[in-house]
$ cat structure-v6.tsv   # TSV, N, CA and C atoms
chain	number	residue	atom	x	y	z
A	182	MET	N	77.97	-25.88	-66.50
A	182	MET	CA	76.64	-25.30	-66.40
A	182	MET	C	75.68	-26.26	-65.72
A	183	ARG	N	75.82	-27.55	-66.00
A	183	ARG	CA	74.91	-28.54	-65.41
A	183	ARG	C	75.07	-28.61	-63.90
A	184	LYS	N	76.26	-28.33	-63.40
A	184	LYS	CA	76.49	-28.37	-61.96
A	184	LYS	C	75.98	-27.10	-61.28
A	185	ILE	N	75.94	-26.00	-61.99
A	185	ILE	CA	75.51	-24.73	-61.42
A	185	ILE	C	74.01	-24.71	-61.16
A	186	VAL	N	73.21	-25.24	-62.06
A	186	VAL	CA	71.75	-25.22	-61.91
A	186	VAL	C	71.31	-25.96	-60.65
A	187	PRO	N	71.77	-27.21	-60.39
A	187	PRO	CA	71.38	-27.87	-59.14
A	187	PRO	C	71.90	-27.13	-57.91
A	188	LEU	N	73.07	-26.55	-58.01
A	188	LEU	CA	73.64	-25.81	-56.89
A	188	LEU	C	72.77	-24.59	-56.57
A	189	LEU	N	72.34	-23.86	-57.59
A	189	LEU	CA	71.46	-22.71	-57.39
A	189	LEU	C	70.13	-23.14	-56.79
A	190	PHE	N	69.61	-24.27	-57.24
A	190	PHE	CA	68.36	-24.79	-56.70
A	190	PHE	C	68.49	-25.05	-55.20
A	191	VAL	N	69.57	-25.69	-54.79
A	191	VAL	CA	69.81	-25.99	-53.37
A	191	VAL	C	69.96	-24.70	-52.57
A	192	ILE	N	70.64	-23.72	-53.12
A	192	ILE	CA	70.81	-22.44	-52.42
A	192	ILE	C	69.46	-21.77	-52.20
A	193	PHE	N	68.60	-21.77	-53.22
A	193	PHE	CA	67.27	-21.15	-53.07
A	193	PHE	C	66.43	-21.89	-52.04
A	194	ILE	N	66.51	-23.21	-52.03
A	194	ILE	CA	65.75	-24.00	-51.05
A	194	ILE	C	66.23	-23.69	-49.64
A	195	LEU	N	67.53	-23.69	-49.45
A	195	LEU	CA	68.09	-23.42	-48.12
A	195	LEU	C	67.83	-21.99	-47.67
A	196	ALA	N	67.79	-21.07	-48.59
A	196	ALA	CA	67.51	-19.68	-48.23
A	196	ALA	C	66.11	-19.54	-47.65
A	197	GLY	N	65.21	-20.40	-48.10
A	197	GLY	CA	63.84	-20.36	-47.58
A	197	GLY	C	63.71	-21.00	-46.22
A	198	CYS	N	64.66	-21.81	-45.82
A	198	CYS	CA	64.64	-22.45	-44.51
A	198	CYS	C	65.23	-21.50	-43.48
A	199	SER	N	64.84	-21.69	-42.24
A	199	SER	CA	65.34	-20.83	-41.19
A	199	SER	C	65.62	-21.64	-39.94
A	200	THR	N	66.61	-21.23	-39.20
A	200	THR	CA	66.91	-21.89	-37.93
A	200	THR	C	66.27	-21.15	-36.78
A	201	GLU	N	65.40	-20.19	-37.08
A	201	GLU	CA	64.77	-19.42	-36.02
A	201	GLU	C	63.75	-20.27	-35.28
A	202	THR	N	63.28	-19.75	-34.17
A	202	THR	CA	62.39	-20.50	-33.28
A	202	THR	C	60.95	-20.52	-33.75
A	203	GLY	N	60.65	-19.88	-34.86
A	203	GLY	CA	59.26	-19.83	-35.32
A	203	GLY	C	58.54	-18.60	-34.84
A	204	ILE	N	59.20	-17.74	-34.06
A	204	ILE	CA	58.58	-16.52	-33.59
A	204	ILE	C	58.48	-15.55	-34.75
A	205	SER	N	57.33	-14.98	-34.93
A	205	SER	CA	57.09	-14.08	-36.04
A	205	SER	C	57.94	-12.82	-35.91
A	206	GLN	N	58.51	-12.41	-37.00
A	206	GLN	CA	59.30	-11.19	-37.04
A	206	GLN	C	58.49	-10.05	-37.66
A	207	THR	N	57.19	-10.17	-37.64
A	207	THR	CA	56.32	-9.19	-38.28
A	207	THR	C	56.41	-7.83	-37.59
A	208	THR	N	56.19	-6.81	-38.35
A	208	THR	CA	56.15	-5.46	-37.80
A	208	THR	C	54.71	-5.00	-37.63
A	209	GLU	N	53.78	-5.92	-37.72
A	209	GLU	CA	52.36	-5.60	-37.59
A	209	GLU	C	51.89	-5.96	-36.19
A	210	LYS	N	51.15	-5.04	-35.56
A	210	LYS	CA	50.60	-5.28	-34.22
A	210	LYS	C	49.10	-5.05	-34.27
A	211	ASN	N	48.36	-5.95	-33.61
A	211	ASN	CA	46.91	-5.88	-33.59
A	211	ASN	C	46.42	-5.68	-32.16
A	212	TYR	N	45.62	-4.63	-31.96
A	212	TYR	CA	45.05	-4.31	-30.66
A	212	TYR	C	43.54	-4.49	-30.73
A	213	VAL	N	42.95	-5.11	-29.69
A	213	VAL	CA	41.51	-5.39	-29.65
A	213	VAL	C	40.90	-4.71	-28.43
A	214	LEU	N	39.73	-4.12	-28.63
A	214	LEU	CA	39.00	-3.47	-27.55
A	214	LEU	C	38.66	-4.47	-26.46
A	215	GLN	N	38.92	-4.10	-25.22
A	215	GLN	CA	38.54	-4.91	-24.07
A	215	GLN	C	37.25	-4.34	-23.50
A	216	THR	N	36.17	-5.13	-23.56
A	216	THR	CA	34.87	-4.66	-23.11
A	216	THR	C	34.00	-5.83	-22.67
A	217	GLU	N	33.03	-5.53	-21.85
A	217	GLU	CA	32.06	-6.53	-21.41
A	217	GLU	C	30.83	-6.52	-22.32
A	218	LYS	N	30.77	-5.59	-23.25
A	218	LYS	CA	29.62	-5.46	-24.14
A	218	LYS	C	29.60	-6.61	-25.14
A	219	ASP	N	28.39	-7.01	-25.53
A	219	ASP	CA	28.24	-8.06	-26.54
A	219	ASP	C	28.43	-7.48	-27.94
A	220	ALA	N	29.31	-8.10	-28.69
A	220	ALA	CA	29.56	-7.67	-30.06
A	220	ALA	C	29.89	-8.88	-30.90
A	221	VAL	N	29.44	-8.86	-32.13
A	221	VAL	CA	29.77	-9.95	-33.05
A	221	VAL	C	31.27	-9.92	-33.32
A	222	VAL	N	31.77	-8.75	-33.63
A	222	VAL	CA	33.20	-8.55	-33.86
A	222	VAL	C	33.63	-7.35	-33.03
A	223	LEU	N	34.58	-7.55	-32.14
A	223	LEU	CA	35.08	-6.43	-31.35
A	223	LEU	C	35.95	-5.53	-32.23
A	224	PRO	N	35.82	-4.24	-32.05
A	224	PRO	CA	36.69	-3.34	-32.80
A	224	PRO	C	38.16	-3.68	-32.56
A	225	ASN	N	38.93	-3.64	-33.61
A	225	ASN	CA	40.36	-3.89	-33.48
A	225	ASN	C	41.09	-2.99	-34.47
A	226	ILE	N	42.30	-2.66	-34.07
A	226	ILE	CA	43.11	-1.78	-34.90
A	226	ILE	C	44.49	-2.40	-35.08
A	227	ARG	N	44.90	-2.45	-36.33
A	227	ARG	CA	46.16	-3.10	-36.70
A	227	ARG	C	47.13	-2.03	-37.21
A	228	PHE	N	48.34	-2.04	-36.67
A	228	PHE	CA	49.36	-1.07	-37.04
A	228	PHE	C	50.51	-1.77	-37.74
A	229	ASN	N	50.98	-1.18	-38.83
A	229	ASN	CA	52.17	-1.67	-39.51
A	229	ASN	C	53.28	-0.67	-39.21
A	230	GLU	N	54.27	-1.12	-38.43
A	230	GLU	CA	55.34	-0.24	-38.00
A	230	GLU	C	56.34	0.07	-39.10
A	231	GLU	N	56.36	-0.71	-40.15
A	231	GLU	CA	57.30	-0.46	-41.25
A	231	GLU	C	56.96	0.81	-42.02
A	232	ASP	N	55.67	1.00	-42.29
A	232	ASP	CA	55.28	2.17	-43.08
A	232	ASP	C	54.31	3.10	-42.36
A	233	ASN	N	54.15	2.89	-41.04
A	233	ASN	CA	53.28	3.73	-40.19
A	233	ASN	C	51.86	3.84	-40.74
A	234	THR	N	51.31	2.71	-41.15
A	234	THR	CA	49.91	2.67	-41.58
A	234	THR	C	49.10	1.89	-40.56
A	235	PHE	N	47.78	2.07	-40.62
A	235	PHE	CA	46.88	1.34	-39.73
A	235	PHE	C	45.62	0.96	-40.49
A	236	ALA	N	44.91	-0.01	-39.92
A	236	ALA	CA	43.59	-0.39	-40.42
A	236	ALA	C	42.72	-0.68	-39.20
A	237	LEU	N	41.54	-0.09	-39.17
A	237	LEU	CA	40.59	-0.29	-38.06
A	237	LEU	C	39.39	-1.04	-38.57
A	238	GLU	N	39.07	-2.14	-37.91
A	238	GLU	CA	37.85	-2.90	-38.20
A	238	GLU	C	36.85	-2.52	-37.12
A	239	ASN	N	35.75	-1.94	-37.55
A	239	ASN	CA	34.74	-1.39	-36.65
A	239	ASN	C	33.46	-2.20	-36.79
A	240	ASP	N	32.39	-1.73	-36.23
A	240	ASP	CA	31.08	-2.39	-36.30
A	240	ASP	C	30.58	-2.45	-37.75
A	241	VAL	N	30.03	-3.58	-38.13
A	241	VAL	CA	29.53	-3.76	-39.50
A	241	VAL	C	28.35	-2.84	-39.82
A	242	LEU	N	27.71	-2.28	-38.81
A	242	LEU	CA	26.57	-1.40	-39.05
A	242	LEU	C	26.97	0.05	-39.28
A	243	LEU	N	28.23	0.37	-39.10
A	243	LEU	CA	28.69	1.74	-39.30
A	243	LEU	C	29.24	1.91	-40.71
A	244	SER	N	29.14	3.13	-41.21
A	244	SER	CA	29.73	3.40	-42.52
A	244	SER	C	31.25	3.31	-42.45
A	245	SER	N	31.79	3.47	-41.25
A	245	SER	CA	33.24	3.37	-41.05
A	245	SER	C	33.62	1.96	-40.59
A	246	MET	N	32.96	0.95	-41.18
A	246	MET	CA	33.22	-0.43	-40.80
A	246	MET	C	34.70	-0.78	-40.90
A	247	TYR	N	35.35	-0.32	-41.94
A	247	TYR	CA	36.76	-0.58	-42.14
A	247	TYR	C	37.39	0.69	-42.69
A	248	VAL	N	38.33	1.23	-41.94
A	248	VAL	CA	39.03	2.43	-42.38
A	248	VAL	C	40.53	2.21	-42.24
A	249	SER	N	41.28	3.00	-42.98
A	249	SER	CA	42.73	2.88	-42.90
A	249	SER	C	43.35	4.25	-43.10
A	250	GLY	N	44.64	4.32	-42.81
A	250	GLY	CA	45.35	5.58	-42.96
A	250	GLY	C	46.75	5.46	-42.40
A	251	THR	N	47.27	6.58	-41.93
A	251	THR	CA	48.62	6.60	-41.37
A	251	THR	C	48.55	7.05	-39.92
A	252	TYR	N	49.62	6.78	-39.18
A	252	TYR	CA	49.64	7.19	-37.78
A	252	TYR	C	51.02	7.70	-37.39
A	253	TYR	N	51.02	8.45	-36.29
A	253	TYR	CA	52.29	8.87	-35.69
A	253	TYR	C	52.09	8.91	-34.17
A	254	ILE	N	53.20	8.84	-33.45
A	254	ILE	CA	53.18	8.89	-31.99
A	254	ILE	C	54.04	10.05	-31.54
A	255	GLU	N	53.46	10.89	-30.68
A	255	GLU	CA	54.19	12.03	-30.12
A	255	GLU	C	53.77	12.21	-28.68
A	256	ASN	N	54.74	12.24	-27.77
A	256	ASN	CA	54.48	12.40	-26.33
A	256	ASN	C	53.46	11.39	-25.81
A	257	ASN	N	53.63	10.12	-26.19
A	257	ASN	CA	52.76	9.02	-25.77
A	257	ASN	C	51.31	9.16	-26.24
A	258	ILE	N	51.09	9.96	-27.27
A	258	ILE	CA	49.76	10.07	-27.88
A	258	ILE	C	49.88	9.56	-29.32
A	259	LEU	N	49.10	8.54	-29.62
A	259	LEU	CA	49.07	7.98	-30.97
A	259	LEU	C	47.89	8.60	-31.70
A	260	THR	N	48.15	9.21	-32.84
A	260	THR	CA	47.11	9.80	-33.67
A	260	THR	C	47.08	9.04	-34.99
A	261	ALA	N	45.94	8.41	-35.26
A	261	ALA	CA	45.74	7.63	-36.48
A	261	ALA	C	44.83	8.44	-37.40
A	262	SER	N	45.39	8.95	-38.48
A	262	SER	CA	44.65	9.80	-39.43
A	262	SER	C	44.09	8.95	-40.56
A	263	ILE	N	42.79	9.07	-40.77
A	263	ILE	CA	42.09	8.28	-41.78
A	263	ILE	C	42.28	8.91	-43.16
A	264	TYR	N	42.55	8.06	-44.16
A	264	TYR	CA	42.58	8.56	-45.53
A	264	TYR	C	41.22	9.17	-45.82
A	265	GLY	N	41.18	10.39	-46.30
A	265	GLY	CA	39.91	11.03	-46.62
A	265	GLY	C	39.36	11.90	-45.50
A	266	GLY	N	40.01	11.90	-44.34
A	266	GLY	CA	39.59	12.78	-43.25
A	266	GLY	C	39.14	12.03	-42.01
A	267	GLY	N	39.35	12.65	-40.87
A	267	GLY	CA	39.01	12.08	-39.58
A	267	GLY	C	40.22	11.43	-38.93
A	268	GLN	N	40.07	11.11	-37.64
A	268	GLN	CA	41.18	10.50	-36.93
A	268	GLN	C	40.72	9.77	-35.68
A	269	TYR	N	41.62	8.97	-35.14
A	269	TYR	CA	41.44	8.29	-33.87
A	269	TYR	C	42.63	8.64	-33.01
A	270	VAL	N	42.36	8.89	-31.72
A	270	VAL	CA	43.43	9.28	-30.80
A	270	VAL	C	43.48	8.26	-29.67
A	271	PHE	N	44.71	7.85	-29.33
A	271	PHE	CA	44.94	6.90	-28.24
A	271	PHE	C	46.10	7.37	-27.39
A	272	GLU	N	46.00	7.11	-26.10
A	272	GLU	CA	47.14	7.30	-25.20
A	272	GLU	C	47.89	5.97	-25.15
A	273	VAL	N	49.20	6.01	-25.32
A	273	VAL	CA	50.01	4.80	-25.28
A	273	VAL	C	50.32	4.50	-23.82
A	274	ILE	N	49.85	3.32	-23.36
A	274	ILE	CA	50.05	2.88	-21.99
A	274	ILE	C	50.96	1.65	-22.03
A	275	GLY	N	52.23	1.83	-21.77
A	275	GLY	CA	53.16	0.70	-21.82
A	275	GLY	C	53.32	0.16	-23.22
A	276	ASN	N	53.78	-1.11	-23.29
A	276	ASN	CA	54.06	-1.73	-24.59
A	276	ASN	C	52.87	-2.46	-25.19
A	277	ASP	N	51.82	-2.70	-24.39
A	277	ASP	CA	50.75	-3.55	-24.91
A	277	ASP	C	49.34	-2.97	-24.76
A	278	THR	N	49.21	-1.69	-24.44
A	278	THR	CA	47.89	-1.11	-24.24
A	278	THR	C	47.78	0.27	-24.87
A	279	LEU	N	46.68	0.48	-25.57
A	279	LEU	CA	46.32	1.79	-26.10
A	279	LEU	C	45.00	2.18	-25.45
A	280	ARG	N	44.91	3.40	-24.92
A	280	ARG	CA	43.68	3.87	-24.28
A	280	ARG	C	43.00	4.88	-25.21
A	281	TYR	N	41.76	4.56	-25.56
A	281	TYR	CA	40.97	5.39	-26.48
A	281	TYR	C	40.69	6.76	-25.87
A	282	VAL	N	40.96	7.81	-26.63
A	282	VAL	CA	40.66	9.19	-26.24
A	282	VAL	C	39.53	9.66	-27.14
A	283	GLU	N	38.35	9.78	-26.54
A	283	GLU	CA	37.15	10.11	-27.33
A	283	GLU	C	37.22	11.52	-27.92
A	284	LYS	N	37.74	12.47	-27.12
A	284	LYS	CA	37.83	13.86	-27.59
A	284	LYS	C	38.80	13.94	-28.76
A	285	GLY	N	38.32	14.43	-29.88
A	285	GLY	CA	39.14	14.56	-31.07
A	285	GLY	C	39.17	13.31	-31.94
A	286	SER	N	38.40	12.28	-31.55
A	286	SER	CA	38.39	11.02	-32.30
A	286	SER	C	37.05	10.78	-32.98
A	287	ASN	N	37.10	10.03	-34.06
A	287	ASN	CA	35.88	9.50	-34.65
A	287	ASN	C	35.34	8.43	-33.72
A	288	VAL	N	34.09	8.06	-33.91
A	288	VAL	CA	33.44	7.06	-33.07
A	288	VAL	C	33.99	5.67	-33.38
A	289	ILE	N	34.23	4.90	-32.32
A	289	ILE	CA	34.57	3.48	-32.44
A	289	ILE	C	33.46	2.73	-31.71
A	290	SER	N	32.81	1.80	-32.40
A	290	SER	CA	31.71	1.04	-31.82
A	290	SER	C	32.10	0.41	-30.51
A	291	PHE	N	31.21	0.45	-29.56
A	291	PHE	CA	31.35	-0.18	-28.26
A	291	PHE	C	32.44	0.44	-27.39
A	292	ALA	N	33.19	1.41	-27.90
A	292	ALA	CA	34.28	2.02	-27.14
A	292	ALA	C	33.81	3.34	-26.53
A	293	GLU	N	34.25	3.56	-25.30
A	293	GLU	CA	33.99	4.80	-24.61
A	293	GLU	C	35.33	5.41	-24.22
A	294	ASN	N	35.30	6.68	-23.88
A	294	ASN	CA	36.52	7.35	-23.47
A	294	ASN	C	37.22	6.57	-22.36
A	295	GLY	N	38.51	6.31	-22.55
A	295	GLY	CA	39.29	5.62	-21.54
A	295	GLY	C	39.31	4.11	-21.67
A	296	ASP	N	38.57	3.54	-22.62
A	296	ASP	CA	38.60	2.09	-22.82
A	296	ASP	C	39.95	1.67	-23.41
A	297	ASP	N	40.37	0.49	-23.02
A	297	ASP	CA	41.66	-0.02	-23.45
A	297	ASP	C	41.56	-0.96	-24.63
A	298	PHE	N	42.52	-0.84	-25.53
A	298	PHE	CA	42.75	-1.78	-26.62
A	298	PHE	C	44.04	-2.51	-26.25
A	299	ILE	N	43.97	-3.84	-26.18
A	299	ILE	CA	45.09	-4.65	-25.72
A	299	ILE	C	45.77	-5.35	-26.90
A	300	LEU	N	47.10	-5.36	-26.89
A	300	LEU	CA	47.88	-6.03	-27.92
A	300	LEU	C	47.59	-7.52	-27.89
A	301	MET	N	47.24	-8.08	-29.03
A	301	MET	CA	46.99	-9.51	-29.15
A	301	MET	C	48.28	-10.19	-29.60
A	302	THR	N	48.59	-11.30	-28.96
A	302	THR	CA	49.75	-12.08	-29.36
A	302	THR	C	49.29	-13.26	-30.18
A	303	GLU	N	50.21	-13.82	-30.94
A	303	GLU	CA	49.86	-14.94	-31.82
A	303	GLU	C	49.45	-16.16	-31.05

$ encode --input "structure-v6.tsv" --output "structure tokens"
Amino acid sequence: MRKIVPLLFVIFILAGCSTETGISQTTEKNYVLQTEKDAVVLPNIRFNEEDNTFALENDVLLSSMYVSGTYYIENNILTASIYGGGQYVFEVIGNDTLRYVEKGSNVISFAENGDDFILMTE
């Protein structure tokens, strides 16, 4: 028994170590509005691909400063449905750009129809 406890300890320690390159394996992606407008915090939307949820950080002066919900993608259109009602619509442009579609969407501060949200890397 005395030999098993230290062995288990070493196994747990080694299990926490990784030989990977340090590149994040996260399933979360964060997109930020690209604009020339002055803003304290630019609107950004974070997607969790594991459970198809999202969180949008908007202007602090709006009642929708922070909203969340679920999303789905169909025919290159991403629809993010807010818990409690409302939605945001984006056209998926390649792997790193979402284009805001104002028609059918709730308001996003500083964003206008056709503005791009760009994937942020670590």

$ atom_distance --input "structure-v6.tsv" --atom1 "atom CA of Phe291 of chain A" --atom2 "atom CA of Pro224 of chain A"
7.7 Å

$ atom_distance --input "structure-v6.tsv" --atom1 "atom CA of Ile258 of chain A" --atom2 "atom CA of Glu272 of chain A"
4.7 Å

$ closest_atom_pairs --input "structure-v6.tsv" --of "segment 222-268 of chain A" --to "segment 283-289 of chain A" --cutoff "8 Å" --atoms "only C-alpha atoms" --output "CSV"
residue,atom,partner,partner_atom,distance
A:Pro224,CA,A:Ile289,CA,7.2
A:Asn239,CA,A:Ile289,CA,6.4
A:Asp240,CA,A:Ile289,CA,7.8
A:Gly267,CA,A:Asn287,CA,6.4
A:Gln268,CA,A:Ser286,CA,5.4

$ atom_distance --input "structure-v6.tsv" --atom1 "atom CA of Lys218 of chain A" --atom2 "atom CA of Val270 of chain A"
21.3 Å

$ residues_around --input "structure-v6.tsv" --residues "Phe298 of chain A" --least-positions-apart "5" --cutoff "8 Å" --atoms "only C-alpha atoms" --output "number ranges by chain"
A: 212-215, 225, 278-281

$ write_last_selection --input "structure-v6.tsv" --atoms "N, CA and C atoms" --output "compact mmCIF listing (two decimals), in the frame of the given file"
# COMPACT_ATOMS: atom_id res chain seq x y z
N TYR A 212 45.62 -4.63 -31.96
CA TYR A 212 45.05 -4.31 -30.66
C TYR A 212 43.54 -4.49 -30.73
N VAL A 213 42.95 -5.11 -29.69
CA VAL A 213 41.51 -5.39 -29.65
C VAL A 213 40.90 -4.71 -28.43
N LEU A 214 39.73 -4.12 -28.63
CA LEU A 214 39.00 -3.47 -27.55
C LEU A 214 38.66 -4.47 -26.46
N GLN A 215 38.92 -4.10 -25.22
CA GLN A 215 38.54 -4.91 -24.07
C GLN A 215 37.25 -4.34 -23.50
N ASN A 225 38.93 -3.64 -33.61
CA ASN A 225 40.36 -3.89 -33.48
C ASN A 225 41.09 -2.99 -34.47
N THR A 278 49.21 -1.69 -24.44
CA THR A 278 47.89 -1.11 -24.24
C THR A 278 47.78 0.27 -24.87
N LEU A 279 46.68 0.48 -25.57
CA LEU A 279 46.32 1.79 -26.10
C LEU A 279 45.00 2.18 -25.45
N ARG A 280 44.91 3.40 -24.92
CA ARG A 280 43.68 3.87 -24.28
C ARG A 280 43.00 4.88 -25.21
N TYR A 281 41.76 4.56 -25.56
CA TYR A 281 40.97 5.39 -26.48
C TYR A 281 40.69 6.76 -25.87
